[in-house]
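Raw start_8.cif, mmCIF, C-alpha atoms and all ligand atoms:
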```cif
data_structure
#
loop_
_atom_site.label_atom_id
_atom_site.label_comp_id
_atom_site.auth_asym_id
_atom_site.auth_seq_id
_atom_site.Cartn_x
_atom_site.Cartn_y
_atom_site.Cartn_z
CA MET A 5 139.44 128.14 130.26
CA THR A 6 139.24 130.54 127.37
CA GLY A 7 142.13 132.74 128.39
CA GLU A 8 139.74 135.70 128.70
CA PRO A 9 140.78 137.72 131.72
CA LYS A 10 138.39 137.31 134.67
CA GLU A 11 137.59 141.02 134.63
CA GLN A 12 136.42 140.75 131.04
CA GLN A 13 134.24 137.76 131.92
CA ALA A 14 132.68 139.64 134.81
CA SER A 15 131.86 142.67 132.67
CA ALA A 16 130.43 140.29 130.05
CA GLY A 17 128.16 138.89 132.77
CA LYS A 18 127.01 142.39 133.61
CA ALA A 19 126.25 143.21 129.97
CA MET A 20 124.25 139.96 129.75
CA ASP A 21 121.85 141.17 132.45
CA ALA A 22 121.10 144.33 130.45
CA LEU A 23 120.64 142.30 127.24
CA LEU A 24 118.27 139.86 128.91
CA ARG A 25 116.26 142.79 130.31
CA ALA A 26 115.96 144.16 126.75
CA VAL A 27 114.67 140.80 125.52
CA SER A 28 112.37 140.68 128.53
CA ALA A 29 110.94 144.18 128.07
CA LYS A 30 110.65 144.50 124.29
CA LYS A 31 111.51 141.20 122.60
CA ASP A 32 114.71 142.78 121.29
CA LYS A 33 116.11 140.36 118.67
CA ASP A 34 119.51 142.04 118.45
CA ALA A 35 119.92 141.69 122.19
CA PHE A 36 118.86 138.05 121.90
CA GLN A 37 121.50 137.52 119.24
CA GLU A 38 124.17 138.84 121.60
CA LEU A 39 122.93 136.59 124.40
CA TYR A 40 123.09 133.76 121.94
CA ARG A 41 126.70 134.46 120.97
CA TYR A 42 127.77 134.45 124.59
CA TYR A 43 125.70 131.60 126.04
CA VAL A 44 125.26 129.03 123.28
CA PRO A 45 128.92 127.91 123.05
CA ARG A 46 129.11 127.80 126.88
CA LEU A 47 125.84 125.92 127.23
CA LYS A 48 127.11 123.47 124.65
CA SER A 49 130.20 122.74 126.79
CA PHE A 50 127.87 122.30 129.75
CA MET A 51 125.66 119.80 127.86
CA LEU A 52 128.71 117.91 126.53
CA GLY A 53 129.90 117.31 130.10
CA GLN A 54 128.38 113.86 130.34
CA GLY A 55 129.71 112.49 127.07
CA THR A 56 126.63 113.59 125.14
CA SER A 57 127.00 113.72 121.32
CA SER A 58 127.61 117.12 119.77
CA GLN A 59 124.30 116.96 117.90
CA MET A 60 122.27 116.04 120.98
CA ALA A 61 124.02 118.75 123.02
CA GLU A 62 123.09 121.33 120.37
CA GLU A 63 119.47 120.19 120.41
CA VAL A 64 119.24 120.76 124.15
CA VAL A 65 121.00 124.14 123.80
CA GLN A 66 118.51 125.15 121.09
CA GLU A 67 115.60 124.27 123.35
CA THR A 68 117.24 126.22 126.17
CA MET A 69 117.54 129.37 124.03
CA ILE A 70 113.97 129.02 122.72
CA LYS A 71 112.80 128.80 126.32
CA VAL A 72 114.89 131.84 127.27
CA TRP A 73 113.12 133.78 124.49
CA ARG A 74 109.65 132.55 125.44
CA LYS A 75 110.05 133.02 129.17
CA ALA A 76 112.08 136.22 129.06
CA ALA A 77 109.16 138.25 130.45
CA LEU A 78 109.41 136.17 133.64
CA PHE A 79 113.07 137.08 134.21
CA ASP A 80 113.36 139.02 137.47
CA PRO A 81 116.75 140.74 137.83
CA ALA A 82 116.08 141.16 141.58
CA LYS A 83 116.02 137.38 142.03
CA ALA A 84 118.82 136.10 139.81
CA SER A 85 121.50 137.20 137.38
CA ALA A 86 121.05 136.42 133.67
CA SER A 87 123.65 133.65 133.90
CA THR A 88 121.95 132.01 136.89
CA TRP A 89 118.53 132.21 135.28
CA ILE A 90 119.78 130.73 132.00
CA PHE A 91 121.82 128.08 133.85
CA THR A 92 118.70 126.80 135.68
CA ILE A 93 116.72 126.61 132.41
CA GLY A 94 119.57 124.64 130.78
CA ARG A 95 119.96 122.34 133.78
CA ASN A 96 116.24 121.52 133.83
CA LEU A 97 116.17 120.78 130.11
CA ARG A 98 119.24 118.57 130.48
CA ILE A 99 117.42 116.52 133.12
CA ASP A 100 114.26 116.43 131.02
CA MET A 101 115.75 115.75 127.55
CA LEU A 102 119.02 113.91 128.21
CA ARG A 103 118.16 112.00 131.36
CA LYS A 104 114.42 111.78 130.65
CA ALA A 105 113.76 112.29 134.33
CA PHE A 106 111.44 114.48 136.36
CA ARG A 107 112.73 117.00 138.88
CA PRO A 108 110.40 117.76 141.80
CA GLU A 109 110.52 121.47 142.74
CA PRO A 110 108.91 123.58 145.43
CA ASP A 111 105.66 125.24 144.32
CA TYR A 112 105.42 128.93 145.20
CA SER A 113 101.66 128.99 144.62
CA ASP A 114 100.95 126.23 147.14
CA PRO A 115 99.19 127.52 150.30
CA THR A 116 101.56 125.51 152.54
CA PHE A 117 104.63 127.13 150.95
CA THR A 118 106.66 129.05 153.58
CA PRO A 119 107.52 132.46 152.07
CA ASP A 120 110.92 134.14 152.36
CA PRO A 121 111.37 136.60 155.20
CA VAL A 122 111.24 140.21 153.96
CA PRO A 123 114.89 141.30 153.50
CA LEU A 124 116.21 144.37 155.29
CA ALA A 125 116.90 147.26 152.91
CA SER A 126 120.60 147.11 153.78
CA GLU A 127 120.76 143.45 152.71
CA THR A 128 119.60 144.02 149.16
CA VAL A 129 122.61 143.86 146.89
CA SER A 130 121.87 143.66 143.18
CA MET A 131 122.17 140.21 141.64
CA GLU A 132 124.47 141.70 139.03
CA GLN A 133 126.92 142.83 141.69
CA GLN A 134 126.59 139.53 143.51
CA GLY A 135 127.12 137.62 140.27
CA LYS A 136 130.30 139.57 139.57
CA ARG A 137 131.72 139.04 143.06
CA LEU A 138 130.76 135.40 142.99
CA MET A 139 132.41 134.79 139.64
CA THR A 140 135.68 136.09 141.00
CA ALA A 141 135.25 134.04 144.16
CA VAL A 142 134.58 130.82 142.19
CA ALA A 143 137.67 131.48 140.05
CA GLU A 144 139.76 131.91 143.20
CA LEU A 145 138.65 128.70 144.94
CA PRO A 146 141.38 126.10 145.53
CA GLU A 147 141.61 123.67 142.60
CA ALA A 148 140.48 120.71 144.75
CA GLN A 149 137.20 122.48 145.56
CA LYS A 150 136.64 123.77 142.03
CA GLU A 151 137.20 120.26 140.67
CA ILE A 152 134.33 118.92 142.79
CA LEU A 153 131.95 121.71 141.81
CA THR A 154 132.81 121.20 138.14
CA LEU A 155 132.18 117.44 138.35
CA ALA A 156 128.86 118.17 140.08
CA PHE A 157 127.55 120.81 137.71
CA PHE A 158 129.09 119.76 134.39
CA GLN A 159 129.08 115.99 134.73
CA GLU A 160 125.95 115.79 136.85
CA LYS A 161 127.64 113.61 139.46
CA THR A 162 126.39 113.26 143.04
CA HIS A 163 128.90 113.81 145.84
CA GLY A 164 129.06 110.02 146.33
CA GLN A 165 129.92 109.47 142.66
CA ILE A 166 132.52 112.25 142.85
CA ALA A 167 134.23 110.52 145.79
CA ASP A 168 134.35 107.27 143.78
CA GLU A 169 135.67 109.01 140.68
CA LEU A 170 138.42 110.89 142.53
CA GLY A 171 139.20 107.92 144.77
CA VAL A 172 138.93 110.03 147.93
CA PRO A 173 136.85 109.35 151.07
CA LEU A 174 133.29 110.69 151.09
CA GLY A 175 134.20 112.85 154.10
CA THR A 176 136.84 114.65 152.03
CA VAL A 177 134.30 115.53 149.34
CA LYS A 178 131.84 116.71 152.00
CA SER A 179 134.35 118.94 153.73
CA ARG A 180 135.53 120.46 150.41
CA VAL A 181 131.93 121.24 149.44
CA ARG A 182 131.32 122.85 152.83
CA LEU A 183 134.50 124.93 152.63
CA ALA A 184 133.65 126.17 149.14
CA LEU A 185 130.12 127.13 150.20
CA LYS A 186 131.39 128.85 153.31
CA LYS A 187 133.73 131.00 151.25
CA LEU A 188 131.07 131.83 148.69
CA ARG A 189 128.44 132.57 151.35
CA SER A 190 130.75 135.20 152.76
CA GLU A 191 130.71 136.78 149.28
CA PHE A 192 126.94 137.02 149.63
CA GLY A 193 127.48 138.91 152.87
CA GLU A 194 126.09 136.14 155.06
CA ASN A 195 127.58 135.24 158.36
CA GLU A 196 128.01 131.63 159.30
CA MET B 10 107.60 126.44 161.87
CA THR B 11 111.07 126.43 163.38
CA ILE B 12 113.30 123.97 161.60
CA HIS B 13 116.36 122.67 163.43
CA HIS B 14 117.63 119.93 161.12
CA HIS B 15 118.40 120.66 157.45
CA PRO B 16 119.74 118.70 154.47
CA SER B 17 123.57 118.74 154.29
CA ASP B 18 125.35 121.16 151.94
CA GLU B 19 126.48 118.23 149.78
CA LEU B 20 122.92 116.91 149.38
CA LEU B 21 121.74 120.43 148.43
CA LEU B 22 124.60 120.52 145.90
CA ASP B 23 123.37 117.25 144.38
CA TYR B 24 119.90 118.79 144.03
CA ALA B 25 121.17 122.12 142.64
CA SER B 26 123.41 120.41 140.06
CA GLY B 27 120.54 118.22 138.90
CA ALA B 28 122.44 115.00 139.70
CA LEU B 29 120.00 113.84 142.37
CA GLY B 30 117.33 111.34 141.27
CA GLU B 31 113.59 111.93 141.47
CA ALA B 32 112.79 110.16 144.76
CA TRP B 33 115.61 111.83 146.73
CA SER B 34 114.80 115.15 145.08
CA LEU B 35 111.21 114.81 146.26
CA ALA B 36 112.40 114.86 149.90
CA VAL B 37 114.75 117.80 149.29
CA ALA B 38 112.19 119.82 147.28
CA THR B 39 109.47 119.27 149.91
CA HIS B 40 111.86 120.51 152.61
CA LEU B 41 112.70 123.52 150.42
CA SER B 42 109.04 124.48 150.18
CA LEU B 43 109.08 124.76 154.00
CA CYS B 44 112.56 126.25 154.49
CA PRO B 45 113.60 129.70 153.18
CA GLY B 46 117.13 129.19 154.57
CA CYS B 47 117.85 126.13 152.43
CA ARG B 48 116.23 127.85 149.41
CA SER B 49 118.79 130.59 149.84
CA THR B 50 121.61 127.98 149.85
CA ILE B 51 120.15 126.57 146.61
CA ASP B 52 120.20 130.09 145.11
CA HIS B 53 123.90 130.35 146.01
CA LEU B 54 124.66 126.94 144.55
CA GLU B 55 122.84 127.79 141.32
CA ALA B 56 124.86 131.01 141.14
CA ILE B 57 128.01 128.86 141.46
CA GLY B 58 126.76 126.70 138.58
CA ALA B 59 126.24 129.91 136.58
CA GLY B 60 129.77 131.09 137.50
CA LEU B 61 131.18 127.82 136.13
CA LEU B 62 129.06 128.24 133.00
CA ASP B 63 130.49 131.76 132.49
CA ALA B 64 134.01 130.37 132.88
CA ALA B 65 133.44 127.38 130.56
CA ASP B 66 135.42 126.90 127.37
CA PRO B 67 133.05 127.89 124.56
CA ALA B 68 132.44 124.77 122.42
CA PRO B 69 132.51 125.11 118.62
CA LEU B 70 129.06 125.14 117.01
CA SER B 71 127.81 123.89 113.72
CA ASP B 72 127.18 126.80 111.34
CA LYS B 73 123.44 126.48 111.14
CA THR B 74 122.60 126.55 114.84
CA PHE B 75 121.76 130.22 115.11
CA GLU B 76 119.64 130.28 111.94
CA LEU B 77 117.76 127.23 113.16
CA ILE B 78 116.86 129.00 116.39
CA MET B 79 115.93 132.29 114.71
CA ASP B 80 113.77 130.44 112.14
CA ARG B 81 111.90 128.78 114.93
CA LEU B 82 111.39 132.08 116.70
CA GLU B 83 110.19 133.81 113.48
CA ASN B 84 107.57 131.13 112.98
CA GLU B 85 106.53 131.23 116.58
CA SER B 86 103.03 132.43 117.32
CA GLU B 87 102.70 135.07 120.01
CA ASP B 88 100.53 132.92 122.24
CA LEU B 89 103.42 130.54 122.82
CA THR B 90 105.25 133.26 124.73
CA ASP B 91 104.77 133.26 128.45
CA SER B 92 104.17 136.79 129.59
CA ALA B 93 102.83 135.99 133.03
CA PRO B 94 103.34 133.10 135.40
CA PRO B 95 100.92 130.35 134.37
CA ALA B 96 97.70 130.66 136.33
CA PRO B 97 96.75 127.46 138.10
CA ALA B 98 93.97 125.67 136.24
CA VAL B 99 91.93 125.22 139.40
CA PRO B 100 91.98 127.40 142.50
CA VAL B 101 94.62 126.04 144.82
CA HIS B 102 93.20 124.74 148.07
CA PRO B 103 95.45 123.73 150.88
CA SER B 104 95.83 119.98 151.19
CA ALA B 105 93.28 118.51 153.62
CA ASN B 106 96.16 116.37 154.88
CA GLY B 107 98.45 119.35 155.40
CA LEU B 108 100.90 118.06 152.78
CA PRO B 109 103.08 120.61 150.98
CA GLN B 110 103.88 120.45 147.27
CA PRO B 111 105.56 118.81 145.45
CA LEU B 112 104.78 115.88 147.77
CA ARG B 113 101.03 116.30 147.50
CA ARG B 114 100.82 115.24 143.88
CA TYR B 115 102.71 112.05 144.70
CA ALA B 116 100.78 111.10 147.84
CA GLU B 117 97.16 112.17 147.37
CA ASN B 118 94.65 110.44 145.11
CA ASP B 119 91.99 112.18 142.96
CA ARG B 120 89.79 112.73 146.00
CA GLY B 121 92.62 114.42 147.88
CA GLU B 122 93.05 111.45 150.22
CA ILE B 123 96.21 109.59 151.16
CA PRO B 124 95.67 105.88 150.38
CA TRP B 125 97.18 104.50 153.60
CA GLN B 126 98.03 100.80 153.94
CA ARG B 127 98.24 99.28 157.38
CA LEU B 128 101.59 98.00 158.58
CA GLY B 129 100.39 96.57 161.89
CA LEU B 130 100.84 97.91 165.43
CA GLY B 131 98.87 100.98 164.38
CA ALA B 132 101.47 102.17 161.87
CA SER B 133 100.60 102.84 158.21
CA GLN B 134 102.46 103.60 155.02
CA CYS B 135 101.73 104.93 151.57
CA LEU B 136 104.21 103.95 148.83
CA LEU B 137 104.89 106.74 146.33
CA THR B 138 105.59 106.10 142.66
CA THR B 139 108.67 107.70 141.11
CA SER B 140 110.67 106.89 138.00
CA GLU B 141 113.78 106.12 140.04
CA ASP B 142 114.66 102.41 140.15
CA GLY B 143 115.98 100.89 143.35
CA VAL B 144 114.86 103.79 145.53
CA THR B 145 111.69 103.72 147.60
CA ALA B 146 109.76 106.79 148.70
CA ARG B 147 106.93 106.35 151.19
CA LEU B 148 104.87 108.24 153.70
CA LEU B 149 104.94 106.65 157.15
CA ARG B 150 102.46 107.26 159.93
CA ILE B 151 103.65 106.19 163.37
CA PRO B 152 101.05 106.33 166.15
CA ALA B 153 101.73 108.83 168.93
CA GLY B 154 104.09 107.45 171.57
CA ARG B 155 105.01 104.34 169.56
CA PRO B 156 108.47 103.24 168.43
CA VAL B 157 109.48 102.43 164.89
CA PRO B 158 111.24 99.05 165.20
CA GLU B 159 114.99 99.41 165.77
CA HIS B 160 116.81 99.15 162.45
CA THR B 161 119.96 99.91 160.50
CA HIS B 162 120.18 101.00 156.87
CA GLY B 163 121.82 99.20 154.00
CA GLY B 164 122.33 102.57 152.35
CA LEU B 165 121.01 106.07 152.69
CA GLU B 166 117.74 107.06 154.31
CA LEU B 167 116.24 110.55 154.11
CA THR B 168 113.39 111.39 156.47
CA LEU B 169 111.35 114.58 156.41
CA VAL B 170 108.87 115.10 159.24
CA LEU B 171 105.54 116.52 158.02
CA SER B 172 103.57 116.51 161.27
CA GLY B 173 104.06 115.32 164.83
CA ALA B 174 107.62 114.59 165.91
CA PHE B 175 110.02 111.73 166.57
CA SER B 176 113.14 111.39 168.67
CA ASP B 177 116.07 109.03 168.32
CA SER B 178 119.67 108.76 169.50
CA VAL B 179 120.56 111.79 167.35
CA GLY B 180 117.91 114.24 168.51
CA ARG B 181 114.34 115.45 168.23
CA TYR B 182 112.77 115.91 164.82
CA GLY B 183 109.62 118.03 164.44
CA ALA B 184 107.66 119.30 161.44
CA GLY B 185 109.97 120.40 158.61
CA ASP B 186 113.05 118.70 160.12
CA PHE B 187 115.18 116.61 157.80
CA GLN B 188 117.33 113.60 158.70
CA GLU B 189 120.04 112.01 156.56
CA ALA B 190 120.97 108.58 157.92
CA ASP B 191 123.51 106.17 156.45
CA GLU B 192 124.50 102.59 157.24
CA ASN B 193 126.46 103.73 160.29
CA LEU B 194 123.35 104.89 162.09
CA GLU B 195 121.47 102.34 164.12
CA HIS B 196 118.53 104.10 165.59
CA GLN B 197 115.18 103.52 167.17
CA PRO B 198 112.96 106.46 166.33
CA HIS B 199 110.07 106.99 168.74
CA ALA B 200 107.00 109.04 167.83
CA GLU B 201 106.29 111.70 170.44
CA SER B 202 103.10 111.40 172.46
CA GLY B 203 100.25 113.76 171.62
CA ALA B 204 100.00 113.35 167.85
CA ASP B 205 100.81 110.73 165.24
CA CYS B 206 104.08 111.35 163.42
CA ILE B 207 103.75 111.55 159.66
CA CYS B 208 106.97 111.60 157.67
CA LEU B 209 108.31 111.11 154.17
CA ALA B 210 111.03 108.45 154.08
CA VAL B 211 113.25 107.72 151.08
CA THR B 212 115.59 104.70 151.13
CA ASP B 213 117.85 102.98 148.61
CA ALA B 214 118.04 99.61 150.32
CA PRO B 215 115.61 97.65 152.46
CA LEU B 216 115.76 98.58 156.13
CA ARG B 217 117.33 95.89 158.31
CA PHE B 218 115.38 95.40 161.50
CA LYS B 219 117.23 94.06 164.52
CA SER B 220 114.55 91.94 166.12
CA LEU B 221 113.82 88.56 164.62
CA ALA B 222 110.07 89.15 164.79
CA ALA B 223 110.37 92.36 162.80
CA ARG B 224 112.60 90.58 160.25
CA ILE B 225 110.02 87.86 159.81
CA VAL B 226 107.15 90.23 159.09
CA GLN B 227 109.26 92.65 157.03
CA PRO B 228 108.73 90.91 153.65
CA PHE B 229 104.97 91.06 154.16
CA LEU B 230 104.99 94.71 155.09
CA GLY B 231 106.95 95.76 152.03
CA ILE B 232 109.35 97.92 154.03
ZN ZN A 301 116.37 123.79 155.54
#
```
Since I need it in another form, could you write the structure as structure tokens?
Amino acid sequence: MTGEPKEQQASAGKAMDALLRAVSAKKDKDAFQELYRYYVPRLKSFMLGQGTSSQMAEEVVQETMIKVWRKAALFDPAKASASTWIFTIGRNLRIDMLRKAFRPEPDYSDPTFTPDPVPLASETVSMEQQGKRLMTAVAELPEAQKEILTLAFFQEKTHGQIADELGVPLGTVKSRVRLALKKLRSEFGENE
Amino acid sequence: MTIHHHPSDELLLDYASGALGEAWSLAVATHLSLCPGCRSTIDHLEAIGAGLLDAADPAPLSDKTFELIMDRLENESEDLTDSAPPAPAVPVHPSANGLPQPLRRYAENDRGEIPWQRLGLGASQCLLTTSEDGVTARLLRIPAGRPVPEHTHGGLELTLVLSGAFSDSVGRYGAGDFQEADENLEHQPHAESGADCICLAVTDAPLRFKSLAARIVQPFLGI
């Protein structure tokens, strides 16, 4: 951890949404520079998670930021926060460039795709607000649950590999994942 | 489509983190294209990944990184920027076989047909090519009312029903339903009468059939 207070991190996340919207709307290079300062060192930690070399990690981070710039017009603040959007771009490039693998994804333009139900007006909470609440909730998870999520997202380990690494039964990993999701779902205002 | 059986939270986590290999991901992604509820769980999991990214220790960078990126952007021609979602090159027609994406591009040939191979007893399969070693993805077509031979699994088996339905000791699985079975499950799925059951099955070890006859033909069937 950086020692930055959680509040400061959350307000940083909020500022990032505004900056990404500026890049999205008018190709604002100053805003991009600010995004860069915040995300690049964090994305580098993320890419280093699997024992990748510093140089290789930076290459993937560069590609991630180039893609953020190119695809900024597609950023939809109603669907995801800036951090979530940038995280998914980085994750996909990590799979593509470091693991040289292909990731099948659902195709929204396919006629057999089942669309989302239309949300009730009362259910629409901004992604920025959600992101802020979620960040606090993730920080407050019990260490044992956070450890599993970190191994999953930063070291790209499946839940089976996590059980092996921690030397705990698979059922323990499963129940910790379920507990963490249950807690975080309640932050999204969903009932179990 | 009412879906009653979904992938587990931990399998969705493996997909959201990117740890899951291509063949397994194909089953999860095809379910996601049919299931808004699981897509919402994926959104939450990705937001968790983003929360961990926000909380990560910033790693030191080499001095030149930012200039390198800005140089590349300066030299970038405008037409490389995506301003609208890419339009599909050809109009998208629904699959004649009713297959959703991303499965369709794995299972259909250039003419939009599924190249079925006969397995005997009226059942057919179509092996799908992925880059993942040691994991087999296939479409299975079980004739209406017929059983799949009783078997156990050496490892994990994911099954996604695409049309028709099957029942086993665990429950009834209809279109869109997803089953995760491990080596503890010994089951004898039975296709429901009325329509053939077509499903996507992904396994990481050969199935072990209980009956001697099935074991003898197994090597020839490639299952
Ligand atoms: Zn589902």
Would you tabulate, counting only C-alpha atoms and all ligand atoms, all residues of chain B that have an atom at most 8 Å from an atom of ligand ZN 301 (chain A), showing the closest pair of atoms and their distance in Å to one decimal, sorted by chain then ascending number, as JSON lines?
```
{"residue": "B:Ile12", "atom": "CA", "partner": "A:ZN301", "partner_atom": "ZN", "distance": 6.8}
{"residue": "B:His13", "atom": "CA", "partner": "A:ZN301", "partner_atom": "ZN", "distance": 8.0}
{"residue": "B:His14", "atom": "CA", "partner": "A:ZN301", "partner_atom": "ZN", "distance": 6.9}
{"residue": "B:His15", "atom": "CA", "partner": "A:ZN301", "partner_atom": "ZN", "distance": 4.2}
{"residue": "B:Pro16", "atom": "CA", "partner": "A:ZN301", "partner_atom": "ZN", "distance": 6.2}
{"residue": "B:His40", "atom": "CA", "partner": "A:ZN301", "partner_atom": "ZN", "distance": 6.3}
{"residue": "B:Leu41", "atom": "CA", "partner": "A:ZN301", "partner_atom": "ZN", "distance": 6.3}
{"residue": "B:Leu43", "atom": "CA", "partner": "A:ZN301", "partner_atom": "ZN", "distance": 7.5}
{"residue": "B:Cys44", "atom": "CA", "partner": "A:ZN301", "partner_atom": "ZN", "distance": 4.7}
{"residue": "B:Pro45", "atom": "CA", "partner": "A:ZN301", "partner_atom": "ZN", "distance": 6.9}
{"residue": "B:Gly46", "atom": "CA", "partner": "A:ZN301", "partner_atom": "ZN", "distance": 5.5}
{"residue": "B:Cys47", "atom": "CA", "partner": "A:ZN301", "partner_atom": "ZN", "distance": 4.2}
{"residue": "B:Arg48", "atom": "CA", "partner": "A:ZN301", "partner_atom": "ZN", "distance": 7.4}
{"residue": "B:Gly185", "atom": "CA", "partner": "A:ZN301", "partner_atom": "ZN", "distance": 7.9}
{"residue": "B:Asp186", "atom": "CA", "partner": "A:ZN301", "partner_atom": "ZN", "distance": 7.6}
{"residue": "B:Phe187", "atom": "CA", "partner": "A:ZN301", "partner_atom": "ZN", "distance": 7.6}
```
Exercise. What is the CA of Asp23 (chain B)-CA of Lys161 (chain A) distance in Å, reported with one decimal?
Worked result: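 Taking CA of Asp23 (chain B) and CA of Lys161 (chain A), their separation equals 7.5 Å.
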Problem set entry | Top pick for closest residue to chain A, considering B:Leu21, B:Leu70, B:Leu149, B:Ile51 and counting all atoms listed in the file |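 Closest to chain A of all the choices is B:Leu70.
We find CA of Phe75 (chain B) and CA of Asp34 (chain A) to be spaced 12.5 Å apart.
Reported to one decimal place, the separation of CA of Leu138 (chain A) from CA of Ser34 (chain B) is 25.9 Å.
The closest residue to chain A, picked from B:Pro109, B:Gly143, B:Gly203, B:Gly180 and counting all atoms listed in the file, is B:Pro109.
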Supply region 128-143 of chain B as a compact mmCIF listing (two decimals), in the coordinates of the input, with N, CA, C and O atoms built in where the input has gaps.
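Ended up saving to rebuild_37.txt:
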```txt
# COMPACT_ATOMS: atom_id res chain seq x y z
N LEU B 128 100.36 98.77 158.39
CA LEU B 128 101.59 98.00 158.58
C LEU B 128 101.51 97.13 159.82
O LEU B 128 102.41 96.36 160.09
N GLY B 129 100.46 97.27 160.61
CA GLY B 129 100.39 96.57 161.89
C GLY B 129 100.88 97.46 163.02
O GLY B 129 101.57 98.46 162.76
N LEU B 130 100.48 97.13 164.25
CA LEU B 130 100.84 97.91 165.43
C LEU B 130 100.43 99.38 165.30
O LEU B 130 101.06 100.27 165.86
N GLY B 131 99.39 99.62 164.50
CA GLY B 131 98.87 100.98 164.38
C GLY B 131 99.60 101.85 163.38
O GLY B 131 99.17 102.96 163.09
N ALA B 132 100.72 101.37 162.84
CA ALA B 132 101.47 102.17 161.87
C ALA B 132 100.90 101.95 160.46
O ALA B 132 100.30 100.92 160.18
N SER B 133 101.06 102.95 159.59
CA SER B 133 100.60 102.84 158.21
C SER B 133 101.67 103.40 157.28
O SER B 133 102.52 104.18 157.70
N GLN B 134 101.57 103.01 156.02
CA GLN B 134 102.46 103.60 155.02
C GLN B 134 101.71 103.85 153.73
O GLN B 134 100.63 103.30 153.48
N CYS B 135 102.26 104.70 152.91
CA CYS B 135 101.73 104.93 151.57
C CYS B 135 102.94 104.99 150.64
O CYS B 135 103.78 105.88 150.77
N LEU B 136 103.06 103.98 149.76
CA LEU B 136 104.21 103.95 148.83
C LEU B 136 103.97 104.95 147.71
O LEU B 136 102.87 105.05 147.17
N LEU B 137 105.00 105.71 147.36
CA LEU B 137 104.89 106.74 146.33
C LEU B 137 105.59 106.26 145.06
O LEU B 137 106.64 105.61 145.13
N THR B 138 105.02 106.56 143.92
CA THR B 138 105.59 106.10 142.66
C THR B 138 106.50 107.17 142.07
O THR B 138 106.08 108.31 141.87
N THR B 139 107.76 106.81 141.84
CA THR B 139 108.67 107.70 141.11
C THR B 139 109.30 106.89 140.00
O THR B 139 109.16 105.67 139.94
N SER B 140 110.05 107.58 139.13
CA SER B 140 110.67 106.89 138.00
C SER B 140 112.03 106.32 138.39
O SER B 140 112.72 105.75 137.56
N GLU B 141 112.43 106.52 139.65
CA GLU B 141 113.78 106.12 140.04
C GLU B 141 113.80 104.66 140.50
O GLU B 141 113.19 104.31 141.51
N ASP B 142 114.57 103.82 139.78
CA ASP B 142 114.66 102.41 140.15
C ASP B 142 115.51 102.23 141.40
O ASP B 142 116.50 102.94 141.59
N GLY B 143 115.15 101.25 142.21
CA GLY B 143 115.98 100.89 143.35
C GLY B 143 115.90 101.85 144.52
O GLY B 143 116.64 101.72 145.49
```
